[in-house]
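Undergrad: Supplied structure: start-v1.cif, mmCIF, C-alpha atoms.
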data_my_file
loop_
_atom_site.group_PDB
_atom_site.id
_atom_site.type_symbol
_atom_site.label_atom_id
_atom_site.label_comp_id
_atom_site.auth_asym_id
_atom_site.auth_seq_id
_atom_site.Cartn_x
_atom_site.Cartn_y
_atom_site.Cartn_z
ATOM 1 C CA MET A 1 -2.198 3.000 -38.473
ATOM 2 C CA ARG A 2 -4.528 3.336 -35.531
ATOM 3 C CA LEU A 3 -2.376 0.997 -33.460
ATOM 4 C CA LEU A 4 0.472 3.528 -33.197
ATOM 5 C CA PRO A 5 -1.538 6.236 -31.349
ATOM 6 C CA LEU A 6 -2.986 3.604 -29.000
ATOM 7 C CA LEU A 7 0.468 2.200 -28.319
ATOM 8 C CA SER A 8 1.694 5.730 -27.638
ATOM 9 C CA LEU A 9 -1.040 6.257 -25.055
ATOM 10 C CA ALA A 10 -0.298 2.918 -23.389
ATOM 11 C CA THR A 11 3.384 3.739 -22.901
ATOM 12 C CA THR A 12 2.874 7.194 -21.378
ATOM 13 C CA ALA A 13 3.794 7.037 -17.732
ATOM 14 C CA ILE A 14 2.229 9.167 -15.081
ATOM 15 C CA CYS A 15 4.570 9.844 -12.183
ATOM 16 C CA THR A 16 3.255 10.853 -8.820
ATOM 17 C CA ASN A 17 5.413 11.821 -5.892
ATOM 18 C CA PHE A 18 4.622 10.650 -2.400
ATOM 19 C CA ASN A 19 4.084 13.517 0.052
ATOM 20 C CA TRP A 20 7.567 13.029 1.574
ATOM 21 C CA GLU A 21 9.101 13.270 -1.914
ATOM 22 C CA LYS A 22 7.474 16.617 -2.649
ATOM 23 C CA VAL A 23 9.482 18.485 0.000
ATOM 24 C CA GLN A 24 12.856 19.083 -1.647
ATOM 25 C CA LEU A 25 15.829 21.397 -1.250
ATOM 26 C CA ASN A 26 16.266 23.872 -4.058
ATOM 27 C CA THR A 27 19.422 25.647 -5.148
ATOM 28 C CA ASN A 28 18.137 29.073 -4.095
ATOM 29 C CA GLU A 29 17.936 27.903 -0.457
ATOM 30 C CA THR A 30 21.624 26.984 -0.451
ATOM 31 C CA PHE A 31 23.026 30.381 -1.469
ATOM 32 C CA GLY A 32 25.108 31.887 1.306
ATOM 33 C CA ASN A 33 25.367 28.603 3.202
ATOM 34 C CA PRO A 34 28.296 26.526 1.877
ATOM 35 C CA ASP A 35 27.491 23.744 4.387
ATOM 36 C CA ILE A 36 24.360 22.754 2.461
ATOM 37 C CA GLN A 37 25.230 23.649 -1.142
ATOM 38 C CA PHE A 38 24.903 20.969 -3.776
ATOM 39 C CA GLY A 39 28.066 19.334 -5.135
ATOM 40 C CA PHE A 40 29.660 19.939 -8.487
ATOM 41 C CA THR A 41 27.502 19.517 -11.532
ATOM 42 C CA SER A 42 28.534 18.199 -14.895
ATOM 43 C CA GLY A 43 31.143 20.400 -16.526
ATOM 44 C CA GLN A 44 32.435 21.971 -13.312
ATOM 45 C CA ASN A 45 35.874 21.257 -11.876
ATOM 46 C CA SER A 46 35.291 18.422 -9.429
ATOM 47 C CA THR A 47 38.878 17.793 -8.352
ATOM 48 C CA TYR A 48 38.801 17.236 -4.605
ATOM 49 C CA SER A 49 41.829 18.609 -2.778
ATOM 50 C CA GLY A 50 40.691 18.243 0.837
ATOM 51 C CA PRO A 51 41.766 15.756 3.500
ATOM 52 C CA LYS A 52 41.810 12.059 2.618
ATOM 53 C CA CYS A 53 40.167 10.982 5.891
ATOM 54 C CA LYS A 54 36.746 12.011 7.168
ATOM 55 C CA ILE A 55 36.572 14.344 10.166
ATOM 56 C CA ALA A 56 35.610 12.714 13.470
ATOM 57 C CA PRO A 57 34.425 14.211 16.767
ATOM 58 C CA GLY A 58 37.340 16.008 18.429
ATOM 59 C CA ASP A 59 39.191 16.611 15.148
ATOM 60 C CA PRO A 60 39.909 20.138 13.958
ATOM 61 C CA GLY A 61 37.076 21.028 11.610
ATOM 62 C CA TRP A 62 34.407 19.066 13.501
ATOM 63 C CA PRO A 63 31.336 21.331 13.578
ATOM 64 C CA THR A 64 30.836 23.327 16.764
ATOM 65 C CA ALA A 65 27.683 23.053 18.860
ATOM 66 C CA GLU A 66 26.492 26.304 17.264
ATOM 67 C CA GLU A 67 27.076 24.919 13.757
ATOM 68 C CA TRP A 68 25.134 21.757 14.619
ATOM 69 C CA GLN A 69 22.321 23.946 15.990
ATOM 70 C CA LYS A 70 22.274 26.004 12.778
ATOM 71 C CA PHE A 71 22.103 22.774 10.766
ATOM 72 C CA ASN A 72 19.266 21.530 12.992
ATOM 73 C CA THR A 73 17.362 24.754 12.347
ATOM 74 C CA THR A 74 17.849 24.242 8.601
ATOM 75 C CA LEU A 75 16.472 20.703 9.023
ATOM 76 C CA GLY A 76 13.432 21.993 10.901
ATOM 77 C CA GLY A 77 14.434 20.170 14.105
ATOM 78 C CA ALA A 78 15.144 16.743 12.549
ATOM 79 C CA LEU A 79 18.684 16.492 13.996
ATOM 80 C CA LEU A 80 19.019 14.052 16.905
ATOM 81 C CA LYS A 81 21.873 13.523 19.337
ATOM 82 C CA PRO A 82 20.859 10.193 20.853
ATOM 83 C CA PRO A 83 22.918 8.106 23.256
ATOM 84 C CA PRO A 84 23.767 4.511 22.319
ATOM 85 C CA PRO A 85 20.623 2.344 22.645
ATOM 86 C CA ALA A 86 21.996 0.208 25.499
ATOM 87 C CA ALA A 87 22.887 3.269 27.616
ATOM 88 C CA SER A 88 19.619 2.648 29.467
ATOM 89 C CA CYS A 89 21.152 -0.553 30.901
ATOM 90 C CA TYR A 90 24.205 1.113 32.437
ATOM 91 C CA PRO A 91 24.334 2.930 35.783
ATOM 92 C CA GLY A 92 24.070 6.695 35.413
ATOM 93 C CA ASP A 93 21.725 9.432 34.273
ATOM 94 C CA LEU A 94 20.386 7.421 31.335
ATOM 95 C CA TYR A 95 19.580 4.256 33.302
ATOM 96 C CA ASP A 96 16.006 3.102 32.620
ATOM 97 C CA ALA A 97 15.152 -0.423 33.824
ATOM 98 C CA ALA A 98 11.991 -0.720 31.702
ATOM 99 C CA LYS A 99 13.757 0.321 28.480
ATOM 100 C CA CYS A 100 16.705 -1.918 29.328
ATOM 101 C CA ASN A 101 14.380 -4.910 29.790
ATOM 102 C CA VAL A 102 12.898 -4.302 26.337
ATOM 103 C CA ILE A 103 16.217 -4.075 24.501
ATOM 104 C CA ALA A 104 17.904 -6.847 26.497
ATOM 105 C CA SER A 105 15.055 -9.304 25.887
ATOM 106 C CA GLY A 106 15.427 -11.966 23.246
ATOM 107 C CA ASN A 107 12.808 -10.252 21.058
ATOM 108 C CA ARG A 108 14.365 -6.825 20.488
ATOM 109 C CA THR A 109 14.534 -6.652 16.704
ATOM 110 C CA ARG A 110 11.729 -4.077 16.323
ATOM 111 C CA TYR A 111 13.377 -1.804 18.899
ATOM 112 C CA PHE A 112 16.678 -1.821 17.031
ATOM 113 C CA ILE A 113 15.042 -1.374 13.632
ATOM 114 C CA ASP A 114 13.163 1.687 14.908
ATOM 115 C CA ASN A 115 16.132 3.145 16.817
ATOM 116 C CA PRO A 116 17.859 5.759 14.640
ATOM 117 C CA ILE A 117 21.442 4.849 15.581
ATOM 118 C CA SER A 118 21.400 1.108 16.173
ATOM 119 C CA VAL A 119 22.785 -1.316 13.643
ATOM 120 C CA LEU A 120 21.427 -4.564 15.134
ATOM 121 C CA THR A 121 24.809 -5.746 16.370
ATOM 122 C CA ASP A 122 27.474 -4.691 18.847
ATOM 123 C CA TRP A 123 30.195 -5.819 16.460
ATOM 124 C CA THR A 124 30.064 -2.818 14.091
ATOM 125 C CA THR A 125 30.164 -0.295 16.929
ATOM 126 C CA GLY A 126 33.265 -1.748 18.531
ATOM 127 C CA SER A 127 31.242 -3.245 21.391
ATOM 128 C CA ALA A 128 31.271 0.224 22.955
ATOM 129 C CA CYS A 129 27.903 -0.131 24.668
ATOM 130 C CA VAL A 130 26.890 -3.779 24.788
ATOM 131 C CA VAL A 131 23.266 -4.702 25.412
ATOM 132 C CA ALA A 132 22.935 -6.641 28.685
ATOM 133 C CA LYS A 133 20.550 -6.575 31.650
ATOM 134 C CA ASN A 134 23.494 -6.475 34.072
ATOM 135 C CA PRO A 135 26.344 -5.073 31.993
ATOM 136 C CA THR A 136 29.941 -4.997 33.045
ATOM 137 C CA GLY A 137 32.280 -2.302 31.802
ATOM 138 C CA THR A 138 31.234 1.052 30.458
ATOM 139 C CA CYS A 139 28.972 2.444 27.796
ATOM 140 C CA THR A 140 30.687 4.873 25.410
ATOM 141 C CA GLN A 141 29.734 6.428 22.085
ATOM 142 C CA GLY A 142 32.249 4.170 20.311
ATOM 143 C CA GLY A 143 31.200 3.591 16.701
ATOM 144 C CA PHE A 144 27.702 4.974 17.213
ATOM 145 C CA PRO A 145 27.026 8.214 15.346
ATOM 146 C CA VAL A 146 27.028 11.340 17.506
ATOM 147 C CA TYR A 147 24.366 13.072 15.403
ATOM 148 C CA VAL A 148 21.543 11.553 13.373
ATOM 149 C CA VAL A 149 19.213 13.173 10.867
ATOM 150 C CA ASN A 150 15.758 11.680 11.366
ATOM 151 C CA ALA A 151 14.965 12.052 7.666
ATOM 152 C CA SER A 152 11.309 12.054 6.694
ATOM 153 C CA THR A 153 11.529 14.053 3.435
ATOM 154 C CA VAL A 154 13.774 14.166 0.390
ATOM 155 C CA ARG A 155 14.878 17.607 1.616
ATOM 156 C CA HIS A 156 16.206 16.077 4.854
ATOM 157 C CA ILE A 157 18.189 13.529 2.847
ATOM 158 C CA GLN A 158 19.582 16.207 0.526
ATOM 159 C CA LEU A 159 20.580 18.411 3.465
ATOM 160 C CA ALA A 160 22.258 15.513 5.306
ATOM 161 C CA VAL A 161 24.243 14.378 2.264
ATOM 162 C CA ASN A 162 25.264 17.938 1.360
ATOM 163 C CA PHE A 163 26.282 18.791 4.942
ATOM 164 C CA ALA A 164 28.316 15.587 5.342
ATOM 165 C CA ARG A 165 30.041 16.043 1.977
ATOM 166 C CA ASN A 166 30.745 19.748 2.389
ATOM 167 C CA ARG A 167 32.052 19.362 5.963
ATOM 168 C CA ASN A 168 33.972 16.140 5.131
ATOM 169 C CA LEU A 169 32.017 14.117 7.710
ATOM 170 C CA ARG A 170 31.476 10.374 7.658
ATOM 171 C CA LEU A 171 27.945 9.576 6.491
ATOM 172 C CA VAL A 172 26.182 6.433 7.653
ATOM 173 C CA ILE A 173 22.842 5.624 6.072
ATOM 174 C CA LYS A 174 20.286 3.449 7.817
#
What is this structure when it is put down as structure tokens?

TA:
Amino acid sequence: MRLLPLLSLATTAICTNFNWEKVQLNTNETFGNPDIQFGFTSGQNSTYSGPKCKIAPGDPGWPTAEEWQKFNTTLGGALLKPPPPAASCYPGDLYDAAKCNVIASGNRTRYFIDNPISVLTDWTTGSACVVAKNPTGTCTQGGFPVYVVNASTVRHIQLAVNFARNRNLRLVIK
């Protein structure tokens, strides 16, 4: 008989959130801002009737600069608009010989892991901005994301997912 209470105590789990998990979006914050509202919950009509394809830069419906700025304010400044990583190797305003030498070296894995838009290969971005010390051609945005949420809290993740879903934007998670 005494084994049952002891077993009960042994199976009780104590859950602790990390600091970054404690900062979360709540439903009250989303009222009046359909861009960041949560999706349908169980029991609600969840029939999607919008476009089949995701909106891309230049398409009608792509958020305006002001809408991106409003979203950035909601994120507390966590929205980035970085150029492709190899842009520092190409002639122009973004040229930076020191940065180019780092990313064009044979040991560049850490740089690409830490870079918020890189995906460790030119293949998935359509070879739009190829890493090379002396590149030929041009560096374009190609398949690189135009905007990136530098998420450091659960709230950032929730806002990014909600914004992408509600605006019908492609979401890439790294």

Undergrad: Out of A:Cys139, A:Ala164, A:Ile157, A:Ala78, which residue has the shortest atom-to-atom distance to Tyr95 of chain A when counting only C-alpha atoms?

TA: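 Counting only C-alpha atoms, the residue closest to Tyr95 of chain A is A:Cys139.
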
Undergrad: So how many Å separate atom CA of Asn26 of chain A and atom CA of Arg155 of chain A, to one decimal?

TA: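 Separation of atom CA of Asn26 of chain A and atom CA of Arg155 of chain A: 8.6 Å.
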
Undergrad: Take the PyMOL selection byres ((chain A and resi 31-34) around 12), run it mentally on this structure, and tell me the resulting residues as a PyMOL selection string.

TA: chain A and resi 25-30+35-39+67+70-71+74+159+162-167

Undergrad: Mind telling me what the PyMOL selection byres ((chain A and resi 169) around 10) catches here, as a ChimeraX atom specification?

TA: /A:53-57,61-63,161,163-168,170-172

Undergrad: At what distance in Å, to one decimal, does atom CA of Val148 of chain A lie from atom CA of Leu80 of chain A?

TA: 5.0 Å

Undergrad: Which residue out of A:Ser152, A:Ile173, A:Pro51, A:Ile103 has the minimum interatomic distance to Lys22 of chain A when all atoms listed in the file are used?

TA: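 Checking each of A:Ser152, A:Ile173, A:Pro51, A:Ile103 against Lys22 of chain A, counting all atoms listed in the file, the winner is A:Ser152.
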
Undergrad: Enter the distance from atom CA of Cys89 of chain A to atom CA of Ala132 of chain A, in Å, rounded to one decimal.

TA: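 Rounded to one decimal, the two atoms are 6.7 Å apart.
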
Undergrad: Return the single residue from A:Ala104, A:Val149, A:Ala128, A:Ala97 that is closest to Pro82 of chain A, with distances computed using all atoms listed in the file.

TA: A:Val149

Undergrad: Within 8 Å of Lys174 of chain A, counting only C-alpha atoms, which residues show up once you throw out same-chain ones fewer than 3 positions away? Write them as a PyMOL selection string, please.

TA: chain A and resi 116-117+119

Undergrad: Around all the atoms of segment 97-113 of chain A listed in the file, draw an axis-aligned box and extend it by 5 Å on each of the six sides; I want its centre and edge lengths in Å to one decimal, as JSON.

TA:
{"center_x": 14.8, "center_y": -5.8, "center_z": 23.7, "size_x": 16.2, "size_y": 22.3, "size_z": 30.2}

Undergrad: Which of these residues is nearest to Pro145 of chain A, using only C-alpha atoms: A:Ser105, A:Ser118, A:Asn72, A:Ala98?

TA: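 Using only C-alpha atoms, Pro145 of chain A sits closest to A:Ser118.
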
Undergrad: Taking the file as I've supplied it (selection: the PyMOL selection byres ((chain A and resi 140) around 9)), which residues are included? Please answer as a tab-separated table (two decimals) with C-alpha atoms, in the coordinates of the input.

TA:
chain	number	residue	atom	x	y	z
A	83	PRO	CA	22.92	8.11	23.26
A	84	PRO	CA	23.77	4.51	22.32
A	87	ALA	CA	22.89	3.27	27.62
A	128	ALA	CA	31.27	0.22	22.96
A	129	CYS	CA	27.90	-0.13	24.67
A	138	THR	CA	31.23	1.05	30.46
A	139	CYS	CA	28.97	2.44	27.80
A	141	GLN	CA	29.73	6.43	22.08
A	142	GLY	CA	32.25	4.17	20.31
A	143	GLY	CA	31.20	3.59	16.70
A	144	PHE	CA	27.70	4.97	17.21

Undergrad: I'd like to know which of A:Gln69, A:Ile113, A:Tyr90, A:Tyr147 is closest to Ala160 of chain A, using all atoms listed in the file.

TA: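 Checking each candidate against Ala160 of chain A, we get A:Tyr147 as the closest.
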
Undergrad: For each of A:Asn107, A:Thr153, A:Gln158, A:Asp114, take the minimum atom-to-atom distance to Trp20 of chain A, counting all atoms listed in the file, then give the residue where this is smallest.

TA: A:Thr153
